[in-house]
file entry.txt (compact mmCIF, C-alpha atoms)
# COMPACT_ATOMS: atom_id res chain seq x y z
CA MET A 1 46.43 21.89 -12.21
CA SER A 2 48.17 25.09 -11.10
CA SER A 3 49.91 27.36 -13.58
CA SER A 4 53.27 26.76 -11.86
CA TYR A 5 52.81 22.98 -12.31
CA ARG A 6 51.88 23.49 -15.98
CA ASN A 7 55.04 25.57 -16.38
CA ARG A 8 57.07 22.79 -14.78
CA ILE A 9 55.65 20.23 -17.21
CA GLN A 10 56.59 22.58 -20.03
CA GLU A 11 60.16 22.83 -18.72
CA PHE A 12 60.42 19.03 -18.85
CA LYS A 13 59.02 18.93 -22.37
CA VAL A 14 61.63 21.44 -23.52
CA ALA A 15 64.45 19.48 -21.81
CA LEU A 16 63.26 16.18 -23.29
CA GLY A 17 62.66 17.73 -26.69
CA GLU A 18 66.34 18.40 -27.32
CA GLU A 19 67.92 16.13 -29.91
CA LYS A 20 70.86 15.65 -27.54
CA ILE A 21 69.65 15.75 -23.95
CA ASP A 22 71.59 17.87 -21.47
CA LEU A 23 71.94 15.36 -18.62
CA LYS A 24 73.12 17.91 -16.05
CA ALA A 25 70.13 20.19 -16.70
CA LEU A 26 67.74 17.21 -16.69
CA ARG A 27 69.13 15.96 -13.36
CA GLU A 28 68.58 19.38 -11.77
CA LEU A 29 65.03 19.47 -13.08
CA CYS A 30 64.22 15.92 -11.94
CA PHE A 31 65.64 16.41 -8.45
CA GLY A 32 62.59 18.44 -7.39
CA GLY A 33 60.20 15.69 -8.54
CA ILE A 34 59.12 14.48 -11.96
CA PRO A 35 55.57 14.88 -13.32
CA PHE A 36 53.68 11.71 -14.22
CA GLU A 37 51.69 13.46 -16.97
CA GLY A 38 52.53 12.55 -20.54
CA GLY A 39 54.83 9.72 -19.45
CA ILE A 40 57.48 12.24 -18.38
CA ARG A 41 58.56 10.33 -15.28
CA SER A 42 58.83 7.01 -17.11
CA LEU A 43 60.99 8.60 -19.81
CA CYS A 44 63.20 10.48 -17.33
CA TRP A 45 63.86 7.33 -15.29
CA LYS A 46 64.97 5.49 -18.44
CA ILE A 47 67.52 8.27 -19.05
CA LEU A 48 68.61 8.66 -15.40
CA LEU A 49 69.14 4.90 -15.05
CA ASN A 50 71.51 5.00 -18.05
CA TYR A 51 69.22 2.95 -20.28
CA LEU A 52 68.33 5.42 -23.03
CA PRO A 53 71.24 7.17 -24.77
CA LEU A 54 71.31 10.96 -24.53
CA ASP A 55 71.17 11.25 -28.33
CA GLN A 56 67.49 10.83 -29.22
CA THR A 57 68.27 9.97 -32.84
CA LEU A 58 69.64 6.63 -31.54
CA TRP A 59 66.54 5.68 -29.53
CA ASP A 60 64.58 3.75 -32.17
CA SER A 61 67.43 1.46 -33.19
CA PHE A 62 68.64 1.06 -29.58
CA LEU A 63 65.20 0.13 -28.22
CA LYS A 64 64.57 -2.30 -31.08
CA LYS A 65 67.87 -4.05 -30.35
CA GLN A 66 67.30 -4.22 -26.56
CA ARG A 67 63.75 -5.52 -26.87
CA GLU A 68 64.86 -8.18 -29.35
CA LEU A 69 67.61 -9.17 -26.93
CA TYR A 70 65.07 -9.55 -24.10
CA THR A 71 62.88 -11.72 -26.35
CA GLN A 72 65.94 -13.90 -26.95
CA PHE A 73 66.43 -14.22 -23.18
CA LEU A 74 62.82 -15.40 -22.82
CA LYS A 75 63.32 -18.01 -25.53
CA GLU A 76 66.61 -19.33 -24.17
CA MET A 77 65.86 -19.25 -20.44
CA ILE A 78 62.16 -19.98 -20.16
CA ILE A 79 60.72 -21.44 -23.37
CA GLN A 80 63.49 -23.79 -24.54
CA PRO A 81 64.10 -25.41 -21.10
CA GLY A 82 60.32 -25.64 -20.72
CA ILE A 83 59.96 -27.40 -24.08
CA ALA A 84 62.71 -29.87 -23.13
CA LYS A 85 60.91 -30.60 -19.85
CA ALA A 86 57.52 -30.95 -21.52
CA ASN A 87 58.97 -33.40 -24.07
CA LEU A 88 60.73 -35.51 -21.44
CA GLY A 89 59.52 -39.07 -21.67
CA LEU A 90 57.80 -38.64 -25.05
CA SER A 91 60.71 -40.21 -26.85
CA ARG A 92 63.20 -42.46 -25.05
CA GLU A 93 65.62 -43.47 -27.81
CA ASP A 94 67.52 -40.15 -27.84
CA VAL A 95 67.93 -39.80 -24.07
CA THR A 96 71.57 -40.20 -23.03
CA MET A 97 73.06 -40.15 -19.54
CA GLU A 98 74.18 -36.55 -20.12
CA ASP A 99 70.65 -35.23 -20.56
CA HIS A 100 68.86 -37.62 -18.19
CA PRO A 101 67.13 -35.91 -15.23
CA LEU A 102 68.72 -38.40 -12.80
CA ASN A 103 72.25 -37.61 -13.96
CA PRO A 104 74.15 -36.80 -10.71
CA ASN A 105 76.67 -34.53 -12.49
CA PRO A 106 76.29 -31.03 -10.91
CA GLU A 107 76.92 -29.50 -14.37
CA SER A 108 74.13 -31.43 -16.03
CA ARG A 109 71.34 -29.56 -17.76
CA TRP A 110 68.68 -31.08 -15.49
CA ASN A 111 70.57 -30.36 -12.29
CA ASN A 112 70.62 -26.69 -13.35
CA TYR A 113 66.92 -26.89 -14.19
CA PHE A 114 66.05 -28.13 -10.71
CA LYS A 115 68.30 -25.53 -9.09
CA ASP A 116 66.53 -22.85 -11.12
CA ASN A 117 63.23 -24.11 -9.74
CA GLU A 118 64.43 -23.45 -6.18
CA VAL A 119 65.23 -19.85 -7.15
CA LEU A 120 61.90 -19.56 -8.97
CA LEU A 121 59.98 -20.71 -5.88
CA GLN A 122 61.58 -17.99 -3.75
CA ILE A 123 60.86 -15.33 -6.38
CA ASP A 124 57.28 -16.55 -6.71
CA LYS A 125 56.73 -16.39 -2.97
CA ASP A 126 58.06 -12.82 -2.80
CA VAL A 127 56.34 -11.32 -5.84
CA ARG A 128 52.94 -12.58 -4.67
CA ARG A 129 53.36 -10.29 -1.65
CA LEU A 130 54.44 -7.23 -3.61
CA TYR A 131 52.53 -4.14 -2.42
CA PRO A 132 49.57 -6.12 -1.01
CA ASP A 133 47.77 -2.87 -0.14
CA MET A 134 47.44 -2.08 -3.88
CA ALA A 135 45.34 -3.94 -6.43
CA PHE A 136 47.68 -3.08 -9.32
CA PHE A 137 49.97 -6.12 -9.19
CA GLN A 138 47.01 -8.52 -9.06
CA ARG A 139 45.38 -7.02 -12.13
CA PRO A 140 45.92 -8.36 -15.65
CA THR A 141 48.38 -6.50 -17.81
CA GLU A 142 47.03 -4.91 -21.00
CA PHE A 143 50.04 -6.31 -22.83
CA PRO A 144 50.60 -9.96 -21.82
CA CYS A 145 53.73 -11.47 -23.37
CA GLN A 146 52.45 -13.14 -26.55
CA LEU A 147 55.60 -15.23 -26.87
CA ILE A 148 54.97 -16.75 -23.43
CA LEU A 149 51.24 -17.27 -24.00
CA ASP A 150 51.50 -18.53 -27.60
CA PRO A 151 49.59 -21.86 -27.69
CA GLN A 152 52.02 -23.06 -30.40
CA ASN A 153 54.73 -23.16 -27.72
CA ASP A 154 53.95 -26.37 -25.89
CA TYR A 155 56.29 -25.99 -22.92
CA GLU A 156 56.36 -26.03 -19.13
CA THR A 157 55.62 -22.43 -18.15
CA LEU A 158 56.99 -20.73 -15.02
CA ARG A 159 53.47 -20.94 -13.62
CA ARG A 160 53.45 -24.72 -14.13
CA ARG A 161 57.00 -25.10 -12.81
CA VAL A 162 56.00 -23.45 -9.55
CA GLU A 163 53.02 -25.77 -9.14
CA GLN A 164 55.03 -28.89 -10.03
CA THR A 165 57.96 -28.01 -7.77
CA THR A 166 55.65 -27.28 -4.86
CA LEU A 167 53.82 -30.56 -5.43
CA LYS A 168 57.10 -32.47 -5.26
CA ALA A 169 58.27 -30.58 -2.19
CA GLN A 170 55.33 -31.83 -0.14
CA THR A 171 54.58 -35.37 0.99
CA VAL A 172 52.02 -36.42 -1.57
CA ASP A 173 50.36 -39.84 -1.96
CA ARG A 174 48.09 -40.62 -4.83
CA ASN A 175 45.62 -43.36 -4.05
CA ARG A 176 43.93 -45.51 -6.65
CA SER A 177 40.98 -43.18 -7.12
CA GLY A 178 43.32 -40.35 -8.03
CA VAL A 179 42.54 -38.29 -4.91
CA THR A 180 45.53 -36.40 -3.57
CA ASN A 181 46.36 -36.85 0.10
CA CYS A 182 48.68 -34.11 1.34
CA SER A 183 50.92 -34.46 4.38
CA ASP A 184 48.55 -32.43 6.54
CA GLY A 185 46.00 -35.21 6.22
CA GLN A 186 43.51 -33.19 4.20
CA THR A 187 41.99 -34.78 1.12
CA GLN A 188 41.59 -32.46 -1.83
CA VAL A 189 40.60 -32.90 -5.47
CA SER A 190 40.92 -29.38 -6.90
CA SER A 191 43.70 -27.98 -9.11
CA PRO A 192 47.31 -28.43 -7.91
CA GLY A 193 47.59 -24.78 -6.92
CA LYS A 194 44.41 -24.70 -4.91
CA ALA A 195 44.85 -28.25 -3.55
CA LEU A 196 48.12 -27.31 -1.91
CA ASN A 197 46.93 -23.86 -0.90
CA LEU A 198 49.63 -22.29 -3.06
CA TYR A 199 47.56 -19.14 -3.26
CA PRO A 200 46.35 -18.21 0.24
CA SER A 201 43.61 -15.59 0.32
CA ASN A 202 46.08 -12.84 1.23
CA GLU A 203 48.26 -13.54 -1.80
CA TYR A 204 47.72 -13.30 -5.54
CA GLU A 205 45.81 -15.95 -7.42
CA VAL A 206 46.85 -16.98 -10.91
CA LEU A 207 44.61 -15.56 -13.64
CA PRO A 208 42.96 -17.75 -16.30
CA ASN A 209 44.98 -18.96 -19.29
CA GLY A 210 45.57 -16.19 -21.81
CA CYS A 211 45.90 -13.53 -19.09
CA GLU A 212 48.90 -12.45 -17.05
CA ALA A 213 48.88 -10.49 -13.83
CA HIS A 214 51.48 -7.75 -13.36
CA TRP A 215 53.13 -9.77 -10.57
CA GLU A 216 53.75 -12.62 -13.05
CA VAL A 217 55.58 -10.19 -15.32
CA VAL A 218 57.75 -9.07 -12.37
CA GLU A 219 58.42 -12.74 -11.57
CA ARG A 220 59.66 -13.32 -15.10
CA ILE A 221 61.96 -10.26 -14.98
CA LEU A 222 63.54 -11.45 -11.73
CA PHE A 223 63.94 -15.03 -12.99
CA ILE A 224 65.74 -13.85 -16.15
CA TYR A 225 67.94 -11.57 -14.01
CA ALA A 226 68.82 -14.49 -11.70
CA LYS A 227 69.72 -16.70 -14.68
CA LEU A 228 71.95 -14.03 -16.25
CA ASN A 229 73.67 -13.16 -12.96
CA PRO A 230 74.49 -16.51 -11.32
CA GLY A 231 77.01 -14.88 -8.97
CA ILE A 232 74.19 -13.12 -7.14
CA ALA A 233 71.10 -14.85 -8.65
CA TYR A 234 68.06 -13.76 -6.65
CA VAL A 235 68.14 -12.33 -3.14
CA GLN A 236 65.01 -11.53 -1.19
CA GLY A 237 64.33 -7.81 -1.45
CA MET A 238 65.11 -7.46 -5.15
CA ASN A 239 61.35 -7.71 -5.72
CA GLU A 240 60.94 -4.49 -3.72
CA ILE A 241 63.40 -2.70 -6.03
CA VAL A 242 62.00 -3.91 -9.35
CA GLY A 243 58.37 -3.27 -8.26
CA PRO A 244 58.35 0.57 -8.37
CA ILE A 245 60.27 0.63 -11.68
CA TYR A 246 57.84 -1.77 -13.31
CA TYR A 247 54.83 0.08 -11.87
CA THR A 248 56.12 3.39 -13.29
CA PHE A 249 56.69 1.93 -16.76
CA ALA A 250 53.51 -0.19 -16.85
CA THR A 251 51.33 2.82 -15.99
CA ASP A 252 52.92 5.06 -18.64
CA PRO A 253 50.08 6.90 -20.42
CA ASN A 254 51.90 6.42 -23.75
CA LYS A 255 50.94 3.00 -25.09
CA GLN A 256 54.03 2.63 -27.28
CA TRP A 257 56.14 2.75 -24.09
CA LYS A 258 53.72 0.83 -21.86
CA GLU A 259 53.64 -2.08 -24.30
CA HIS A 260 57.36 -2.69 -23.68
CA ALA A 261 57.31 -2.14 -19.91
CA GLU A 262 58.67 -5.64 -19.22
CA ALA A 263 61.82 -5.40 -21.36
CA ASP A 264 62.51 -1.78 -20.40
CA THR A 265 62.08 -2.58 -16.69
CA PHE A 266 64.47 -5.51 -17.00
CA PHE A 267 67.28 -3.38 -18.41
CA CYS A 268 66.70 -0.44 -16.02
CA PHE A 269 66.58 -2.83 -13.04
CA THR A 270 69.80 -4.49 -14.25
CA ASN A 271 71.51 -1.08 -14.48
CA LEU A 272 70.31 -0.07 -11.02
CA MET A 273 71.42 -3.42 -9.56
CA SER A 274 74.87 -2.98 -11.12
CA GLU A 275 75.25 0.01 -8.78
CA ASN A 276 73.42 -1.53 -5.82
CA ARG A 277 74.24 -5.24 -6.06
CA ASP A 278 77.10 -5.15 -3.52
CA ASN A 279 74.47 -4.59 -0.82
CA PHE A 280 73.05 -8.03 -1.66
CA ILE A 281 76.34 -9.95 -1.67
CA LYS A 282 77.00 -11.30 1.82
CA SER A 283 80.72 -11.88 1.26
CA LEU A 284 81.15 -8.12 0.60
CA ASP A 285 79.24 -6.98 3.71
CA ASP A 286 82.35 -5.77 5.54
CA SER A 287 84.20 -4.37 2.54
CA GLN A 288 84.22 -0.68 1.66
CA CYS A 289 81.60 -1.29 -1.04
CA GLY A 290 79.45 -3.49 1.21
CA ILE A 291 76.37 -2.72 3.25
CA THR A 292 78.13 -2.54 6.65
CA TYR A 293 80.25 0.40 5.48
CA LYS A 294 77.15 2.20 4.20
CA MET A 295 75.26 1.62 7.44
CA GLU A 296 78.19 3.02 9.41
CA SER A 297 78.24 5.99 7.03
CA VAL A 298 74.73 6.96 8.16
CA PHE A 299 75.93 7.12 11.78
CA SER A 300 79.16 8.92 10.81
CA MET A 301 77.10 11.58 9.06
CA LEU A 302 74.70 11.80 12.00
CA LYS A 303 77.66 12.33 14.34
CA GLU A 304 78.80 15.20 12.11
CA LYS A 305 75.33 16.80 11.83
CA ASP A 306 73.80 16.11 15.27
CA VAL A 307 76.27 14.80 17.83
CA GLU A 308 73.71 14.88 20.68
CA LEU A 309 71.36 12.53 18.85
CA TYR A 310 74.28 10.33 17.80
CA MET A 311 75.43 10.00 21.41
CA LYS A 312 71.90 9.13 22.56
CA LEU A 313 71.65 6.26 20.08
CA GLN A 314 75.13 5.08 21.09
CA GLU A 315 74.18 5.16 24.79
CA GLN A 316 71.12 3.03 24.08
CA ASN A 317 73.21 0.63 22.01
CA ILE A 318 70.99 1.22 18.98
CA LYS A 319 73.19 0.02 16.15
CA PRO A 320 72.72 1.17 12.54
CA GLN A 321 72.15 -2.39 11.32
CA TYR A 322 68.97 -2.60 13.41
CA PHE A 323 67.15 -0.31 10.98
CA THR A 324 69.38 1.15 8.24
CA PHE A 325 70.00 -2.26 6.64
CA ARG A 326 66.45 -2.27 5.27
CA TRP A 327 66.47 1.45 4.51
CA LEU A 328 69.63 1.20 2.40
CA THR A 329 69.31 -2.16 0.65
CA LEU A 330 65.69 -1.59 -0.38
CA LEU A 331 66.15 2.13 -1.16
CA LEU A 332 63.45 3.03 1.41
CA SER A 333 60.82 1.12 -0.59
CA GLN A 334 59.48 -0.53 2.58
CA GLU A 335 59.23 2.64 4.66
CA PHE A 336 56.67 4.61 2.62
CA LEU A 337 53.66 4.12 0.37
CA LEU A 338 54.48 3.45 -3.29
CA PRO A 339 53.70 7.00 -4.60
CA ASP A 340 56.04 8.41 -1.92
CA VAL A 341 58.75 5.85 -2.73
CA ILE A 342 58.52 6.92 -6.38
CA ARG A 343 58.90 10.58 -5.38
CA ILE A 344 62.00 9.77 -3.29
CA TRP A 345 63.43 7.81 -6.22
CA ASP A 346 62.96 10.84 -8.51
CA SER A 347 65.53 12.65 -6.37
CA LEU A 348 67.67 9.58 -5.77
CA PHE A 349 68.02 8.73 -9.47
CA SER A 350 68.66 12.34 -10.46
CA ASP A 351 71.53 12.79 -8.01
CA GLN A 352 74.84 11.96 -9.64
CA ASP A 353 76.04 10.26 -6.42
CA ARG A 354 72.68 8.63 -5.84
CA PHE A 355 73.72 6.37 -2.98
CA ASP A 356 75.51 9.20 -1.18
CA PHE A 357 72.23 11.08 -1.36
CA LEU A 358 70.43 8.03 0.06
CA ILE A 359 72.68 8.25 3.13
CA LEU A 360 71.72 11.93 3.46
CA VAL A 361 68.03 11.00 3.27
CA CYS A 362 68.51 8.40 6.02
CA CYS A 363 70.31 10.97 8.16
CA ALA A 364 67.51 13.48 7.53
CA MET A 365 64.96 10.90 8.66
CA LEU A 366 66.81 10.58 11.97
CA THR A 367 67.20 14.31 12.61
CA LEU A 368 63.52 14.96 11.83
CA ILE A 369 62.47 12.75 14.75
CA ARG A 370 65.32 13.81 17.06
CA ASP A 371 63.03 15.13 19.81
CA GLN A 372 61.14 11.84 20.03
CA LEU A 373 64.39 9.84 19.94
CA LEU A 374 66.02 11.99 22.64
CA ALA A 375 62.97 11.51 24.88
CA GLY A 376 62.46 7.80 24.21
CA ASP A 377 63.89 4.65 25.76
CA PHE A 378 65.40 1.78 23.75
CA THR A 379 62.07 0.04 23.05
CA MET A 380 60.25 3.22 22.04
CA ASN A 381 63.10 4.30 19.79
CA MET A 382 63.40 0.94 18.08
CA ARG A 383 59.68 1.04 17.36
CA LEU A 384 60.05 4.54 15.86
CA LEU A 385 62.96 3.51 13.66
CA GLN A 386 61.38 0.29 12.42
CA ASP A 387 58.03 1.93 11.73
CA TYR A 388 59.05 5.43 10.67
CA PRO A 389 56.40 7.97 11.76
CA ILE A 390 56.75 10.78 9.17
CA SER A 391 54.90 10.19 5.92
CA ASP A 392 55.57 13.58 4.28
CA VAL A 393 58.49 12.74 1.98
CA HIS A 394 58.75 16.36 0.79
CA THR A 395 59.85 17.37 4.32
CA ILE A 396 62.41 14.54 4.39
CA LEU A 397 63.87 15.41 0.97
CA THR A 398 64.04 19.12 1.84
CA LYS A 399 65.97 18.25 5.01
CA ALA A 400 68.30 15.92 3.09
CA LYS A 401 69.05 18.72 0.60
CA GLU A 402 69.80 21.08 3.51
CA LEU A 403 72.25 18.54 4.93
CA GLN A 404 73.83 18.14 1.49
CA ASP A 405 74.23 21.90 1.03
CA SER A 406 75.79 22.32 4.47
CA SER A 407 78.40 19.59 3.88

call {"tool": "encode", "arguments": {"input": "entry.txt", "output": "structure tokens"}}
result
Amino acid sequence: MSSSYRNRIQEFKVALGEEKIDLKALRELCFGGIPFEGGIRSLCWKILLNYLPLDQTLWDSFLKKQRELYTQFLKEMIIQPGIAKANLGLSREDVTMEDHPLNPNPESRWNNYFKDNEVLLQIDKDVRRLYPDMAFFQRPTEFPCQLILDPQNDYETLRRRVEQTTLKAQTVDRNRSGVTNCSDGQTQVSSPGKALNLYPSNEYEVLPNGCEAHWEVVERILFIYAKLNPGIAYVQGMNEIVGPIYYTFATDPNKQWKEHAEADTFFCFTNLMSENRDNFIKSLDDSQCGITYKMESVFSMLKEKDVELYMKLQEQNIKPQYFTFRWLTLLLSQEFLLPDVIRIWDSLFSDQDRFDFLILVCCAMLTLIRDQLLAGDFTMNMRLLQDYPISDVHTILTKAKELQDSS
């Protein structure tokens, strides 16, 4: 470790050691990248994402309250519905039409339960594919949720709900010997998950009882978010936004923070989505807060900074939605390796107008490959833009800062 890097770590320690944190000074410090050592990045992100109050004397009581609130969400949205489902059929005398699973009323408890399962299936499918080039999300967490795994809670878990819903979604016959015949004609006798090939070899298998993989924790966070935000629920791509936050918190070297990575991630993700959610709401696409306006903003800025390149893309009819949609909605999480995404997010989160800075980063990405784009035809250029060739994020962020300073 170089002496300049040690000095930088010391600067962060001083900034984070203040009883009342100077947010402006911390933002300036974080913009150039946040050290991982000592859990500095994890702590800074919690402050930059407006989770932790600036007054450190409030942290203990605030965190206790938030983590208790998250536990309550788990009880109300996962455990209690799961207990009701597990008990279904054990006692018939108390079942009324209102709480019967076949009740056609769209407001009925069971109708909501089955709708939730549809959302859960989509989340499950997406989180199993989260950063497949890394082993982290497949590994067991050091701190599995004891409330969820408590054997005293006899309820239908999310894991079981996924298996059951998938079983029902396929054409399944059970012959007299109890062998399951699936619609593809194959006869299988293994567990429901394996029998239906729920866990292909390129996706994540479920760990034994008593263990939880990191991807299962992310699944739970997204399911709770969808339940609490029915107006948006879950949209594909949210998994790519929660993933880097959870990874950062779950790898915190300080155990007292790492132990609560799930609850802290949930609240930080919720705060980030409150700023970014309009990108996921289709009805707002063409409004000033929607994704179309932001995509056009990238091209407007490019026209201002490099009119020759702008004209070239216009001539070739390369529209911003062909590539900037993914860049903007997923905060570039699909364009770079996870450590590089995290470095970009250091700067993004520390900029007061974080999504304006994202547009600058996108514009910088275009100007850095201007020579290739000016020389290329439509096909070559589309390939470049959909599989961005520069992996050095430091160069990209430096260019974005230059563009910001020249505005």

call {"tool": "atom_distance", "arguments": {"input": "entry.txt", "atom1": "CA of Phe299 in chain A", "atom2": "CA of Gln404 in chain A"}}
result
15.2 Å

call {"tool": "residues_around", "arguments": {"input": "entry.txt", "residues": "range 309-321 of chain A", "least_positions_apart": "5", "cutoff": "9 Å", "atoms": "only C-alpha atoms", "output": "PyMOL selection string"}}
result
chain A and resi 292+295-296+298-300+302-304+326+366-367+370-371+373-374+377-378+381-382

call {"tool": "residues_around", "arguments": {"input": "entry.txt", "residues": "Ala364 in chain A", "least_positions_apart": "6", "cutoff": "7 Å", "atoms": "all atoms listed in the file", "output": "MDAnalysis selection string"}}
result
chainID A and resid 396 399:400

call {"tool": "write_last_selection", "arguments": {"input": "entry.txt", "atoms": "C-alpha atoms", "output": "mmCIF file, keeping the file's coordinate frame"}}
result
data_model
loop_
_atom_site.group_PDB
_atom_site.id
_atom_site.type_symbol
_atom_site.label_atom_id
_atom_site.label_comp_id
_atom_site.auth_asym_id
_atom_site.auth_seq_id
_atom_site.Cartn_x
_atom_site.Cartn_y
_atom_site.Cartn_z
ATOM 1 C CA ILE A 396 62.410 14.540 4.390
ATOM 2 C CA LYS A 399 65.970 18.250 5.010
ATOM 3 C CA ALA A 400 68.300 15.920 3.090
#

call {"tool": "residues_around", "arguments": {"input": "entry.txt", "residues": "range 62-74 of chain A", "least_positions_apart": "4", "cutoff": "9 Å", "atoms": "all atoms listed in the file", "output": "PyMOL selection string"}}
result
chain A and resi 52-53+58+78-80+147-148+220+224+228+260+262-264+266-267

call {"tool": "write_last_selection", "arguments": {"input": "entry.txt", "atoms": "C-alpha atoms", "output": "PDB file, keeping the file's coordinate frame"}}
result
ATOM      1  CA  LEU A  52      68.330   5.420 -23.030  1.00  0.00           C
ATOM      2  CA  PRO A  53      71.240   7.170 -24.770  1.00  0.00           C
ATOM      3  CA  LEU A  58      69.640   6.630 -31.540  1.00  0.00           C
ATOM      4  CA  ILE A  78      62.160 -19.980 -20.160  1.00  0.00           C
ATOM      5  CA  ILE A  79      60.720 -21.440 -23.370  1.00  0.00           C
ATOM      6  CA  GLN A  80      63.490 -23.790 -24.540  1.00  0.00           C
ATOM      7  CA  LEU A 147      55.600 -15.230 -26.870  1.00  0.00           C
ATOM      8  CA  ILE A 148      54.970 -16.750 -23.430  1.00  0.00           C
ATOM      9  CA  ARG A 220      59.660 -13.320 -15.100  1.00  0.00           C
ATOM     10  CA  ILE A 224      65.740 -13.850 -16.150  1.00  0.00           C
ATOM     11  CA  LEU A 228      71.950 -14.030 -16.250  1.00  0.00           C
ATOM     12  CA  HIS A 260      57.360  -2.690 -23.680  1.00  0.00           C
ATOM     13  CA  GLU A 262      58.670  -5.640 -19.220  1.00  0.00           C
ATOM     14  CA  ALA A 263      61.820  -5.400 -21.360  1.00  0.00           C
ATOM     15  CA  ASP A 264      62.510  -1.780 -20.400  1.00  0.00           C
ATOM     16  CA  PHE A 266      64.470  -5.510 -17.000  1.00  0.00           C
ATOM     17  CA  PHE A 267      67.280  -3.380 -18.410  1.00  0.00           C
TER      18      PHE A 267
END

call {"tool": "atom_distance", "arguments": {"input": "entry.txt", "atom1": "CA of Ile83 in chain A", "atom2": "CA of Leu158 in chain A"}}
result
11.6 Å

call {"tool": "closest_residue", "arguments": {"input": "entry.txt", "among": "A:Pro144, A:Pro132, A:Gly32, A:Gly39", "to": "Lys13 in chain A", "atoms": "all atoms listed in the file"}}
result
A:Gly39

call {"tool": "atom_distance", "arguments": {"input": "entry.txt", "atom1": "CA of Lys115 in chain A", "atom2": "CA of Gly231 in chain A"}}
result
13.8 Å

call {"tool": "closest_residue", "arguments": {"input": "entry.txt", "among": "A:Glu240, A:Glu163, A:Asp154, A:Asp22", "to": "Asn117 in chain A", "atoms": "only C-alpha atoms"}}
result
A:Glu163

call {"tool": "closest_residue", "arguments": {"input": "entry.txt", "among": "A:Pro339, A:Gly376, A:Pro151, A:Pro253", "to": "Ile40 in chain A", "atoms": "only C-alpha atoms"}}
result
A:Pro253

call {"tool": "closest_residue", "arguments": {"input": "entry.txt", "among": "A:Phe269, A:Phe349, A:Tyr247, A:Tyr5", "to": "Gln138 in chain A", "atoms": "all atoms listed in the file"}}
result
A:Tyr247

call {"tool": "closest_residue", "arguments": {"input": "entry.txt", "among": "A:Glu118, A:Glu259, A:Glu28, A:Asp387", "to": "Glu142 in chain A", "atoms": "all atoms listed in the file"}}
result
A:Glu259
